2 protein chains.
Amino acid sequence: MKNQTLFFKNKPRIVSGMSIVGKKEGDGPLGKYFDHISDDPKFGEKTFEKGECKMFLKAITGAVDKAKLNNEDLDLLLAGDLLNQLISSSYVARTLSVPYLGLYSACSTMTEALTIGANFINDGHFKLVACATGSHFATAERQYRYPLEYGCQRPPYSQWTVTAAGCTLLSLKGEGPAITHATIGKVVDFGINDLNNMGAAMATAAADTIYSVFNDTNYDERDFDAIFTGDLGRLGAEILRDLCREKGLELGQKYSDCGEMMYKREQNCYCGGSGAGASASVLNSFILGKMQAGEYKKVLLLATGALMSPTSSYQGETIPSISHGIIL
Amino acid sequence: MKNQTLFFKNKPRIVSGMSIVGKKEGDGPLGKYFDHISDDPKFGEKTFEKGECKMFLKAITGAVDKAKLNNEDLDLLLAGDLLNQLISSSYVARTLSVPYLGLYSACSTMTEALTIGANFINDGHFKLVACATGSHFATAERQYRYPLEYGCQRPPYSQWTVTAAGCTLLSLKGEGPAITHATIGKVVDFGINDLNNMGAAMATAAADTIYSVFNDTNYDERDFDAIFTGDLGRLGAEILRDLCREKGLELGQKYSDCGEMMYKREQNCYCGGSGAGASASVLNSFILGKMQAGEYKKVLLLATGALMSPTSSYQGETIPSISHGIIL
């Protein structure tokens, strides 16, 4: 088996993290952990897309402010989002006017950004790198599924795209949690073609990457205080537990899914949240907070992405998925 | 001015390059340089999208074959394309089953991939990395502009999306041309909102990155045997010459644009080719050939990307652009 894992010997550190979410996410169980909750889904802009862009920008500038730095201190922005042509990321990069690399691995983009960012920081090429991603219920819904006005019914295993953005600043300086390893995922396909059942499609990708992490690092589940996936949702998380169990791996209480954690049952989000903003906002609030407080010492985060498009689905394709993992 | 340029001291080398193009591109002035010309725009598949995917895969497996290696030798695939959610790249990554990072900077994706790939190779993290991108006239046209059947009239400054894919394999081994530097571009915006005039929008990004390359490396135009931009087209290339001239920089005969080189005037492609496949196919055929033959010793390649989407354009946004440069 090939080594898919990078080891960062210089320990790139998280300088600061910022999370911005919408009202529904703020009303959920993690509400008290987020930095900012917006009651306005358009964030004061005319369209949902421009609102998403503003949320995204606020996550980055908020992380910079928290670190008591200026936007001009950023050497590089690594970002991606769920909109076609990554418009949220690109327009934010235009506003910030910093070197920018656009990334896309759907809802696994946050850990892709952290992988590439940690590598650049580890090498000493750059001093301060921002890794950011986000998603927005209204923009994703109308791009990937149906017009909002249509009021489409959802099956019980569907998930709800979170309105959230998160940004992590990386540097060699400071005392923040370090990224020690990153595992680059392979694209796997469970043969699922139901766009409402992405959690099931992505569970195999998460399982594949967990095996790779453990194989490449010689760590196992006992070495971690907590293991998180991005947005498998309730059903996907159960499937992941089953897949791991088949290989003799019991994830147990240590394991949670950021999407599943996002909403209360009575919020009618069925299997929980999905979207690139899920892992990004939970990492930069709940997880980072617990690490800074010393409650978690070692965490494995596996963001998970479904790589289909409406076009590929119309043409009869199944859903390919990927998961990139990082060890904090 | 901030340093945007990475220097690769271990000299990641191009092991092999592969270029695949469509019939129109094969009929153009560069026809004899391409590795493979397909008469069938669907590459034997049922849809243009599936055809693009097959072309993309063929570019990668072709590069691997040329290097007398196997697909299993690949440690990482860095790829992106112009289709929403990067479906060509993602489905190819599924077929190859190698670790994969999806990248998007529109038509500047090839040099983004080479930047990240050269960095991973330079660090010794991976032994063999494939960097690939492509574009397809029929899929891009119907996604970004109008249905093909509509037969939309084009203004004289419009460009034609090339049907082409290119793949470059990078390694520390061998005697191929080395990537010595990579300059990560910033997003700039010339205020252009005409989707047929992307060359003009991207010219400012190319100019911005050329200044950064020269500023960061202390090289100037005299140090290079040739300078290429990705897909500015005839008009964009003229604008770039003018922008450089204003700063006292005379690009002269050394400078060419991959998109402009792609078609003969009588092929009715107006200002020339565009698309992520333009720089990818020209790099892996014409440029690589001239370097291997010793005609070029030092080359600057600046792929250029326009980062708008149909949605951002409908919402009144102008076209933000980016250009990432590499020195071979």
# chains A, B, ... in the order shown; residues from 1 in each chain; ligands from 1

$ calpha_fit_and_write --fixed "chain B" --moving "chain A" --output "short mmCIF file (atom, residue, chain, number, x, y, z; two decimals) with C-alpha atoms, in the first residue's frame"
data_model
loop_
_atom_site.label_atom_id
_atom_site.label_comp_id
_atom_site.auth_asym_id
_atom_site.auth_seq_id
_atom_site.Cartn_x
_atom_site.Cartn_y
_atom_site.Cartn_z
CA MET A 1 6.23 44.22 -2.63
CA LYS A 2 5.65 40.75 -1.26
CA ASN A 3 7.46 37.68 -2.57
CA GLN A 4 4.98 35.52 -4.50
CA THR A 5 7.61 33.21 -5.93
CA LEU A 6 8.69 29.76 -4.79
CA PHE A 7 12.22 28.61 -5.57
CA PHE A 8 12.70 24.85 -5.94
CA LYS A 9 16.28 24.08 -5.03
CA ASN A 10 16.02 20.35 -5.77
CA LYS A 11 14.91 21.01 -9.34
CA PRO A 12 11.77 18.94 -9.92
CA ARG A 13 12.01 17.67 -13.48
CA ILE A 14 9.56 16.96 -16.25
CA VAL A 15 9.74 13.23 -16.83
CA SER A 16 7.30 13.26 -19.70
CA GLY A 17 4.45 15.24 -21.19
CA MET A 18 1.46 14.23 -23.25
CA SER A 19 -0.90 16.30 -25.37
CA ILE A 20 -4.21 15.23 -26.89
CA VAL A 21 -6.26 17.55 -29.08
CA GLY A 22 -9.37 17.61 -31.24
CA LYS A 23 -9.52 17.82 -35.03
CA LYS A 24 -9.69 21.61 -35.28
CA GLU A 25 -6.61 21.97 -33.07
CA GLY A 26 -4.86 19.25 -35.05
CA ASP A 27 -5.54 21.19 -38.26
CA GLY A 28 -3.92 24.29 -36.75
CA PRO A 29 -0.29 25.43 -37.01
CA LEU A 30 0.79 23.25 -34.06
CA GLY A 31 -0.77 20.06 -35.44
CA LYS A 32 2.54 18.29 -36.01
CA TYR A 33 3.64 18.80 -32.41
CA PHE A 34 0.69 17.14 -30.65
CA ASP A 35 0.95 13.52 -29.54
CA HIS A 36 -2.56 12.57 -30.52
CA ILE A 37 -5.30 14.16 -32.61
CA SER A 38 -8.82 12.81 -32.33
CA ASP A 39 -11.25 13.17 -35.23
CA ASP A 40 -14.17 12.30 -32.94
CA PRO A 41 -15.16 15.14 -30.59
CA LYS A 42 -16.86 12.58 -28.32
CA PHE A 43 -13.76 10.37 -28.21
CA GLY A 44 -15.97 7.31 -28.77
CA GLU A 45 -18.28 8.13 -25.84
CA LYS A 46 -21.98 8.98 -25.79
CA THR A 47 -21.72 12.54 -24.52
CA PHE A 48 -19.23 15.37 -24.93
CA GLU A 49 -18.63 15.35 -21.17
CA LYS A 50 -17.76 11.67 -21.13
CA GLY A 51 -15.59 12.30 -24.20
CA GLU A 52 -13.72 15.06 -22.38
CA CYS A 53 -13.16 12.68 -19.51
CA LYS A 54 -11.71 10.06 -21.85
CA MET A 55 -9.41 12.63 -23.48
CA PHE A 56 -8.25 13.69 -20.02
CA LEU A 57 -7.55 10.12 -18.96
CA LYS A 58 -5.67 9.45 -22.19
CA ALA A 59 -3.40 12.44 -21.54
CA ILE A 60 -2.42 11.04 -18.16
CA THR A 61 -2.01 7.40 -19.14
CA GLY A 62 -0.18 8.54 -22.28
CA ALA A 63 2.33 10.52 -20.20
CA VAL A 64 2.81 7.50 -17.95
CA ASP A 65 3.33 5.21 -20.95
CA LYS A 66 5.83 7.61 -22.51
CA ALA A 67 7.86 7.51 -19.31
CA LYS A 68 7.72 3.69 -19.45
CA LEU A 69 5.96 3.63 -16.10
CA ASN A 70 2.64 2.23 -14.85
CA ASN A 71 -0.38 4.09 -13.52
CA GLU A 72 0.34 2.49 -10.14
CA ASP A 73 3.64 4.40 -10.02
CA LEU A 74 1.74 7.69 -9.67
CA ASP A 75 1.84 9.04 -6.12
CA LEU A 76 -0.49 11.96 -6.70
CA LEU A 77 -2.73 13.49 -9.33
CA LEU A 78 -3.14 17.27 -9.37
CA ALA A 79 -5.86 18.17 -11.81
CA GLY A 80 -8.66 20.50 -12.69
CA ASP A 81 -10.85 21.38 -15.63
CA LEU A 82 -13.47 23.88 -16.70
CA LEU A 83 -16.58 21.84 -15.96
CA ASN A 84 -18.66 22.53 -12.88
CA GLN A 85 -17.38 20.50 -9.91
CA LEU A 86 -14.35 19.46 -11.99
CA ILE A 87 -16.12 16.33 -13.13
CA SER A 88 -13.55 15.40 -15.78
CA SER A 89 -10.73 15.44 -13.25
CA SER A 90 -12.72 13.72 -10.53
CA TYR A 91 -13.99 10.86 -12.69
CA VAL A 92 -10.49 10.35 -14.07
CA ALA A 93 -9.15 10.27 -10.51
CA ARG A 94 -11.74 7.62 -9.73
CA THR A 95 -10.55 5.50 -12.66
CA LEU A 96 -6.89 5.86 -11.72
CA SER A 97 -7.48 5.38 -7.98
CA VAL A 98 -4.52 7.52 -6.92
CA PRO A 99 -4.42 10.26 -4.26
CA TYR A 100 -5.96 13.34 -5.84
CA LEU A 101 -6.22 17.06 -5.19
CA GLY A 102 -8.72 18.99 -7.32
CA LEU A 103 -7.60 22.46 -8.37
CA TYR A 104 -9.39 25.33 -10.04
CA SER A 105 -8.07 28.52 -11.42
CA ALA A 106 -9.91 28.31 -14.74
CA CYS A 107 -7.44 28.36 -17.65
CA SER A 108 -4.54 28.97 -15.25
CA THR A 109 -5.01 25.55 -13.66
CA MET A 110 -2.04 23.95 -15.45
CA THR A 111 0.50 26.24 -13.84
CA GLU A 112 -1.32 26.01 -10.48
CA ALA A 113 -0.96 22.22 -10.68
CA LEU A 114 2.72 22.49 -11.66
CA THR A 115 3.35 24.90 -8.78
CA ILE A 116 1.87 22.60 -6.15
CA GLY A 117 3.29 19.49 -7.81
CA ALA A 118 6.81 20.89 -8.07
CA ASN A 119 6.62 21.82 -4.40
CA PHE A 120 5.61 18.31 -3.30
CA ILE A 121 8.36 16.79 -5.48
CA ASN A 122 10.95 19.31 -4.30
CA ASP A 123 10.23 18.34 -0.68
CA GLY A 124 10.64 14.65 -1.43
CA HIS A 125 7.10 13.91 -0.21
CA PHE A 126 6.23 12.13 -3.43
CA LYS A 127 8.29 10.51 -6.17
CA LEU A 128 5.99 10.90 -9.15
CA VAL A 129 3.25 13.49 -9.52
CA ALA A 130 0.94 13.95 -12.52
CA CYS A 131 -0.28 17.47 -13.30
CA ALA A 132 -3.09 17.57 -15.80
CA THR A 133 -5.80 19.75 -17.18
CA GLY A 134 -7.95 20.08 -20.23
CA SER A 135 -10.92 21.73 -21.86
CA HIS A 136 -13.45 20.84 -24.53
CA PHE A 137 -15.18 23.24 -26.91
CA ALA A 138 -18.58 21.54 -26.82
CA THR A 139 -18.82 21.07 -23.04
CA ALA A 140 -17.51 24.53 -22.20
CA GLU A 141 -19.71 26.25 -24.77
CA ARG A 142 -22.92 24.75 -23.45
CA GLN A 143 -21.98 25.23 -19.82
CA TYR A 144 -20.67 28.79 -20.01
CA ARG A 145 -22.41 30.31 -22.98
CA TYR A 146 -25.20 29.02 -25.20
CA PRO A 147 -26.56 25.65 -26.34
CA LEU A 148 -24.54 24.50 -29.34
CA GLU A 149 -27.72 24.15 -31.42
CA TYR A 150 -28.47 27.84 -30.99
CA GLY A 151 -25.58 28.72 -33.30
CA CYS A 152 -24.81 31.93 -31.45
CA GLN A 153 -22.98 34.62 -33.41
CA ARG A 154 -19.62 35.62 -32.05
CA PRO A 155 -18.05 39.06 -31.94
CA PRO A 156 -14.68 39.41 -33.69
CA TYR A 157 -12.78 39.62 -30.39
CA SER A 158 -14.16 36.31 -29.09
CA GLN A 159 -12.04 33.19 -28.63
CA TRP A 160 -12.69 29.52 -29.25
CA THR A 161 -12.41 27.04 -26.38
CA VAL A 162 -9.80 24.48 -27.40
CA THR A 163 -10.52 20.78 -27.24
CA ALA A 164 -7.29 19.62 -25.71
CA ALA A 165 -5.77 18.03 -22.64
CA GLY A 166 -2.21 17.90 -21.40
CA CYS A 167 -0.41 16.05 -18.66
CA THR A 168 3.06 16.62 -17.24
CA LEU A 169 4.77 14.09 -15.00
CA LEU A 170 7.14 15.49 -12.38
CA SER A 171 9.90 13.72 -10.49
CA LEU A 172 13.34 14.44 -9.06
CA LYS A 173 14.83 11.91 -11.46
CA GLY A 174 15.90 12.16 -15.07
CA GLU A 175 17.32 14.79 -17.35
CA GLY A 176 14.14 16.60 -18.39
CA PRO A 177 13.61 20.35 -18.09
CA ALA A 178 13.46 21.45 -14.44
CA ILE A 179 10.88 23.73 -12.84
CA THR A 180 13.05 26.19 -10.96
CA HIS A 181 10.50 28.77 -9.81
CA ALA A 182 6.76 29.22 -9.55
CA THR A 183 4.97 32.49 -9.00
CA ILE A 184 1.49 32.37 -7.48
CA GLY A 185 -0.74 35.04 -8.95
CA LYS A 186 -3.12 37.50 -7.33
CA VAL A 187 -6.66 38.03 -8.54
CA VAL A 188 -6.93 41.25 -10.52
CA ASP A 189 -9.91 42.81 -12.21
CA PHE A 190 -9.79 45.10 -15.22
CA GLY A 191 -13.50 45.94 -14.89
CA ILE A 192 -14.49 44.00 -18.01
CA ASN A 193 -17.92 42.34 -17.96
CA ASP A 194 -18.14 41.07 -21.55
CA LEU A 195 -17.81 37.28 -21.44
CA ASN A 196 -16.57 37.29 -25.03
CA ASN A 197 -13.65 39.48 -24.10
CA MET A 198 -11.82 37.36 -21.56
CA GLY A 199 -8.43 37.91 -23.20
CA ALA A 200 -8.56 41.58 -22.27
CA ALA A 201 -9.61 40.72 -18.70
CA MET A 202 -6.79 38.23 -18.30
CA ALA A 203 -4.06 40.43 -19.82
CA THR A 204 -3.86 42.48 -16.61
CA ALA A 205 -3.42 39.33 -14.54
CA ALA A 206 -0.60 38.18 -16.82
CA ALA A 207 1.05 41.60 -16.59
CA ASP A 208 0.74 41.57 -12.80
CA THR A 209 2.38 38.15 -12.57
CA ILE A 210 5.16 39.03 -15.05
CA TYR A 211 6.13 41.99 -12.83
CA SER A 212 6.08 39.71 -9.78
CA VAL A 213 8.27 37.10 -11.50
CA PHE A 214 10.83 39.71 -12.52
CA ASN A 215 10.69 41.46 -9.15
CA ASP A 216 11.05 38.27 -7.11
CA THR A 217 13.71 36.54 -9.21
CA ASN A 218 15.69 39.49 -10.57
CA TYR A 219 15.35 37.97 -14.01
CA ASP A 220 14.08 40.10 -16.86
CA GLU A 221 12.83 39.37 -20.36
CA ARG A 222 16.41 39.06 -21.66
CA ASP A 223 16.99 36.01 -19.44
CA PHE A 224 14.36 33.96 -21.24
CA ASP A 225 14.47 32.29 -24.63
CA ALA A 226 10.70 32.39 -24.77
CA ILE A 227 7.77 33.72 -22.76
CA PHE A 228 4.30 32.21 -23.19
CA THR A 229 0.92 33.18 -21.85
CA GLY A 230 -1.93 30.69 -21.72
CA ASP A 231 -4.92 31.90 -23.64
CA LEU A 232 -5.07 35.66 -23.95
CA GLY A 233 -5.73 35.37 -27.67
CA ARG A 234 -4.67 37.89 -30.28
CA LEU A 235 -6.31 40.93 -28.66
CA GLY A 236 -5.33 39.98 -25.10
CA ALA A 237 -1.74 39.41 -26.17
CA GLU A 238 -1.66 42.87 -27.77
CA ILE A 239 -3.04 44.38 -24.57
CA LEU A 240 -0.38 42.57 -22.55
CA ARG A 241 2.34 43.92 -24.84
CA ASP A 242 0.93 47.42 -24.33
CA LEU A 243 0.66 47.03 -20.55
CA CYS A 244 4.26 45.83 -20.38
CA ARG A 245 5.44 48.60 -22.69
CA GLU A 246 3.93 51.18 -20.32
CA LYS A 247 6.25 49.80 -17.63
CA GLY A 248 9.25 49.88 -19.94
CA LEU A 249 9.13 46.17 -20.70
CA GLU A 250 9.37 45.21 -24.37
CA LEU A 251 8.24 41.57 -24.81
CA GLY A 252 9.11 41.52 -28.51
CA GLN A 253 9.50 38.36 -30.56
CA LYS A 254 10.15 36.18 -27.53
CA TYR A 255 6.58 36.38 -26.47
CA SER A 256 3.72 34.18 -27.77
CA ASP A 257 0.31 33.19 -26.52
CA CYS A 258 -0.64 29.50 -26.57
CA GLY A 259 -4.24 30.34 -27.51
CA GLU A 260 -3.19 32.62 -30.35
CA MET A 261 -0.81 29.93 -31.68
CA MET A 262 -3.53 27.29 -31.75
CA TYR A 263 -5.46 28.15 -34.93
CA LYS A 264 -4.81 29.55 -38.39
CA ARG A 265 -6.63 32.78 -39.25
CA GLU A 266 -8.80 31.00 -41.82
CA GLN A 267 -10.11 28.62 -39.14
CA ASN A 268 -12.53 31.38 -38.04
CA CYS A 269 -11.57 31.31 -34.40
CA TYR A 270 -11.30 35.09 -34.35
CA CYS A 271 -8.84 35.97 -31.59
CA GLY A 272 -7.61 32.38 -31.17
CA GLY A 273 -8.03 29.63 -28.63
CA SER A 274 -8.89 29.74 -24.97
CA GLY A 275 -9.42 27.13 -22.29
CA ALA A 276 -7.38 25.23 -19.75
CA GLY A 277 -6.30 22.84 -22.49
CA ALA A 278 -4.50 25.58 -24.43
CA SER A 279 -1.47 26.03 -22.17
CA ALA A 280 -1.59 22.37 -21.12
CA SER A 281 -1.37 21.01 -24.65
CA VAL A 282 1.14 23.58 -25.94
CA LEU A 283 3.42 23.09 -22.93
CA ASN A 284 3.39 19.32 -23.35
CA SER A 285 4.05 19.40 -27.09
CA PHE A 286 5.62 22.49 -28.65
CA ILE A 287 7.35 23.98 -25.59
CA LEU A 288 8.57 20.69 -24.12
CA GLY A 289 9.77 19.58 -27.56
CA LYS A 290 11.81 22.76 -28.09
CA MET A 291 13.32 22.41 -24.62
CA GLN A 292 14.21 18.78 -25.12
CA ALA A 293 15.79 19.70 -28.45
CA GLY A 294 17.86 22.38 -26.72
CA GLU A 295 16.29 25.23 -28.73
CA TYR A 296 14.92 26.77 -25.56
CA LYS A 297 16.98 26.76 -22.41
CA LYS A 298 14.86 28.97 -20.19
CA VAL A 299 11.15 29.52 -20.59
CA LEU A 300 8.54 31.48 -18.64
CA LEU A 301 5.01 30.09 -18.90
CA LEU A 302 2.12 32.12 -17.55
CA ALA A 303 -1.20 30.34 -17.85
CA THR A 304 -4.08 32.77 -17.48
CA GLY A 305 -7.53 32.25 -16.01
CA ALA A 306 -10.80 34.17 -15.93
CA LEU A 307 -12.58 33.36 -12.69
CA MET A 308 -16.14 34.47 -13.32
CA SER A 309 -19.15 32.15 -13.58
CA PRO A 310 -22.39 32.61 -15.53
CA THR A 311 -24.09 33.33 -12.17
CA SER A 312 -21.64 36.05 -11.15
CA SER A 313 -21.98 37.61 -14.60
CA TYR A 314 -25.80 37.61 -14.43
CA GLN A 315 -25.49 39.36 -11.08
CA GLY A 316 -23.54 42.19 -12.69
CA GLU A 317 -20.03 41.23 -11.65
CA THR A 318 -16.96 41.98 -13.73
CA ILE A 319 -14.40 39.30 -14.66
CA PRO A 320 -11.69 38.65 -12.07
CA SER A 321 -8.56 37.04 -13.50
CA ILE A 322 -5.44 35.31 -12.32
CA SER A 323 -2.19 34.09 -13.76
CA HIS A 324 0.26 31.67 -12.19
CA GLY A 325 3.74 31.55 -13.71
CA ILE A 326 6.42 28.88 -13.81
CA ILE A 327 10.01 29.06 -14.94
CA LEU A 328 11.38 26.04 -16.79
#

$ select_by_dssp --residues "stretch 123-217 of chain B" --states "strand (DSSP E or B)" --output "list in words"
Val129, Ala130, Cys131, Ala132, Thr133, Gly134, Ser135, Trp160, Thr161, Ala164, Ala165, Gly166, Cys167, Thr168, Leu169, Leu170, Ser171, Ala178, His181, Ala182, Thr183, Lys186, Val188 and Asp189 of chain B

$ write_last_selection --atoms "N, CA and C atoms" --output "PDB file, in the first residue's frame"
ATOM      1  N   VAL B 129       4.505  12.738  -9.585  1.00  0.00           N
ATOM      2  CA  VAL B 129       3.246  13.485  -9.524  1.00  0.00           C
ATOM      3  C   VAL B 129       2.780  13.822 -10.939  1.00  0.00           C
ATOM      4  N   ALA B 130       1.517  13.574 -11.220  1.00  0.00           N
ATOM      5  CA  ALA B 130       0.936  13.946 -12.516  1.00  0.00           C
ATOM      6  C   ALA B 130       0.162  15.243 -12.374  1.00  0.00           C
ATOM      7  N   CYS B 131       0.448  16.202 -13.265  1.00  0.00           N
ATOM      8  CA  CYS B 131      -0.275  17.475 -13.293  1.00  0.00           C
ATOM      9  C   CYS B 131      -1.027  17.522 -14.616  1.00  0.00           C
ATOM     10  N   ALA B 132      -2.335  17.659 -14.544  1.00  0.00           N
ATOM     11  CA  ALA B 132      -3.100  17.575 -15.790  1.00  0.00           C
ATOM     12  C   ALA B 132      -4.265  18.531 -15.809  1.00  0.00           C
ATOM     13  N   THR B 133      -4.577  19.007 -16.993  1.00  0.00           N
ATOM     14  CA  THR B 133      -5.797  19.764 -17.174  1.00  0.00           C
ATOM     15  C   THR B 133      -6.232  19.687 -18.630  1.00  0.00           C
ATOM     16  N   GLY B 134      -7.448  20.140 -18.879  1.00  0.00           N
ATOM     17  CA  GLY B 134      -7.958  20.089 -20.240  1.00  0.00           C
ATOM     18  C   GLY B 134      -9.220  20.905 -20.366  1.00  0.00           C
ATOM     19  N   SER B 135      -9.670  21.051 -21.595  1.00  0.00           N
ATOM     20  CA  SER B 135     -10.933  21.740 -21.859  1.00  0.00           C
ATOM     21  C   SER B 135     -11.504  21.175 -23.146  1.00  0.00           C
ATOM     22  N   TRP B 160     -12.109  30.837 -29.035  1.00  0.00           N
ATOM     23  CA  TRP B 160     -12.706  29.529 -29.250  1.00  0.00           C
ATOM     24  C   TRP B 160     -12.111  28.575 -28.213  1.00  0.00           C
ATOM     25  N   THR B 161     -12.945  27.951 -27.382  1.00  0.00           N
ATOM     26  CA  THR B 161     -12.409  27.038 -26.366  1.00  0.00           C
ATOM     27  C   THR B 161     -11.759  25.832 -27.050  1.00  0.00           C
ATOM     28  N   ALA B 164      -8.676  20.089 -25.900  1.00  0.00           N
ATOM     29  CA  ALA B 164      -7.297  19.635 -25.699  1.00  0.00           C
ATOM     30  C   ALA B 164      -7.067  19.289 -24.235  1.00  0.00           C
ATOM     31  N   ALA B 165      -6.189  18.351 -23.999  1.00  0.00           N
ATOM     32  CA  ALA B 165      -5.772  18.039 -22.634  1.00  0.00           C
ATOM     33  C   ALA B 165      -4.262  17.815 -22.640  1.00  0.00           C
ATOM     34  N   GLY B 166      -3.647  18.115 -21.530  1.00  0.00           N
ATOM     35  CA  GLY B 166      -2.210  17.906 -21.409  1.00  0.00           C
ATOM     36  C   GLY B 166      -1.888  17.396 -20.027  1.00  0.00           C
ATOM     37  N   CYS B 167      -0.873  16.564 -19.955  1.00  0.00           N
ATOM     38  CA  CYS B 167      -0.411  16.059 -18.659  1.00  0.00           C
ATOM     39  C   CYS B 167       1.100  16.118 -18.597  1.00  0.00           C
ATOM     40  N   THR B 168       1.615  16.569 -17.476  1.00  0.00           N
ATOM     41  CA  THR B 168       3.052  16.627 -17.236  1.00  0.00           C
ATOM     42  C   THR B 168       3.364  15.772 -16.018  1.00  0.00           C
ATOM     43  N   LEU B 169       4.338  14.881 -16.147  1.00  0.00           N
ATOM     44  CA  LEU B 169       4.780  14.087 -14.989  1.00  0.00           C
ATOM     45  C   LEU B 169       6.013  14.722 -14.389  1.00  0.00           C
ATOM     46  N   LEU B 170       6.001  14.872 -13.075  1.00  0.00           N
ATOM     47  CA  LEU B 170       7.130  15.484 -12.372  1.00  0.00           C
ATOM     48  C   LEU B 170       7.796  14.484 -11.435  1.00  0.00           C
ATOM     49  N   SER B 171       9.118  14.609 -11.360  1.00  0.00           N
ATOM     50  CA  SER B 171       9.902  13.721 -10.501  1.00  0.00           C
ATOM     51  C   SER B 171      11.244  14.394 -10.232  1.00  0.00           C
ATOM     52  N   ALA B 178      13.805  21.305 -15.862  1.00  0.00           N
ATOM     53  CA  ALA B 178      13.457  21.454 -14.444  1.00  0.00           C
ATOM     54  C   ALA B 178      12.550  22.661 -14.244  1.00  0.00           C
ATOM     55  N   HIS B 181      11.276  27.796 -10.587  1.00  0.00           N
ATOM     56  CA  HIS B 181      10.497  28.758  -9.803  1.00  0.00           C
ATOM     57  C   HIS B 181       9.021  28.658 -10.163  1.00  0.00           C
ATOM     58  N   ALA B 182       8.186  29.068  -9.240  1.00  0.00           N
ATOM     59  CA  ALA B 182       6.762  29.212  -9.545  1.00  0.00           C
ATOM     60  C   ALA B 182       6.261  30.465  -8.841  1.00  0.00           C
ATOM     61  N   THR B 183       5.500  31.251  -9.546  1.00  0.00           N
ATOM     62  CA  THR B 183       4.963  32.489  -8.982  1.00  0.00           C
ATOM     63  C   THR B 183       3.438  32.377  -8.899  1.00  0.00           C
ATOM     64  N   LYS B 186      -2.027  36.853  -8.074  1.00  0.00           N
ATOM     65  CA  LYS B 186      -3.116  37.501  -7.328  1.00  0.00           C
ATOM     66  C   LYS B 186      -4.306  37.673  -8.278  1.00  0.00           C
ATOM     67  N   VAL B 188      -6.797  39.854 -10.117  1.00  0.00           N
ATOM     68  CA  VAL B 188      -6.927  41.255 -10.509  1.00  0.00           C
ATOM     69  C   VAL B 188      -8.183  41.397 -11.373  1.00  0.00           C
ATOM     70  N   ASP B 189      -8.667  42.603 -11.482  1.00  0.00           N
ATOM     71  CA  ASP B 189      -9.918  42.821 -12.208  1.00  0.00           C
ATOM     72  C   ASP B 189      -9.803  44.115 -12.997  1.00  0.00           C
TER      73      ASP B 189
END

$ select_by_dssp --residues "stretch 112-322 of chain B" --states "helix (DSSP H, G or I)" --output "JSON, numbers by chain"
{"B": [112, 113, 114, 115, 116, 117, 118, 119, 120, 121, 122, 123, 137, 138, 139, 140, 141, 142, 143, 144, 148, 149, 150, 198, 199, 200, 201, 202, 203, 204, 205, 206, 207, 208, 209, 210, 211, 212, 213, 214, 215, 216, 217, 221, 222, 223, 233, 234, 235, 236, 237, 238, 239, 240, 241, 242, 243, 244, 245, 246, 252, 253, 254, 258, 259, 260, 261, 262, 265, 266, 267, 276, 277, 278, 279, 280, 281, 282, 283, 284, 285, 286, 287, 288, 289, 290, 291, 292, 310, 311, 312, 313, 314]}

$ decode --residues "stretch 272-293 of chain B" --atoms "C-alpha atoms" --output "mmCIF file, in the first residue's frame"
data_model
loop_
_atom_site.group_PDB
_atom_site.id
_atom_site.type_symbol
_atom_site.label_atom_id
_atom_site.label_comp_id
_atom_site.auth_asym_id
_atom_site.auth_seq_id
_atom_site.Cartn_x
_atom_site.Cartn_y
_atom_site.Cartn_z
ATOM 1 C CA GLY B 272 -7.614 32.386 -31.176
ATOM 2 C CA GLY B 273 -8.042 29.642 -28.644
ATOM 3 C CA SER B 274 -8.890 29.743 -24.977
ATOM 4 C CA GLY B 275 -9.427 27.135 -22.294
ATOM 5 C CA ALA B 276 -7.387 25.259 -19.745
ATOM 6 C CA GLY B 277 -6.304 22.854 -22.492
ATOM 7 C CA ALA B 278 -4.512 25.594 -24.432
ATOM 8 C CA SER B 279 -1.478 26.043 -22.183
ATOM 9 C CA ALA B 280 -1.599 22.384 -21.110
ATOM 10 C CA SER B 281 -1.377 21.021 -24.652
ATOM 11 C CA VAL B 282 1.138 23.589 -25.945
ATOM 12 C CA LEU B 283 3.414 23.093 -22.926
ATOM 13 C CA ASN B 284 3.396 19.328 -23.361
ATOM 14 C CA SER B 285 4.044 19.413 -27.100
ATOM 15 C CA PHE B 286 5.621 22.507 -28.658
ATOM 16 C CA ILE B 287 7.351 23.991 -25.590
ATOM 17 C CA LEU B 288 8.566 20.701 -24.124
ATOM 18 C CA GLY B 289 9.779 19.582 -27.565
ATOM 19 C CA LYS B 290 11.814 22.757 -28.094
ATOM 20 C CA MET B 291 13.329 22.410 -24.618
ATOM 21 C CA GLN B 292 14.207 18.770 -25.109
ATOM 22 C CA ALA B 293 15.799 19.691 -28.464
#
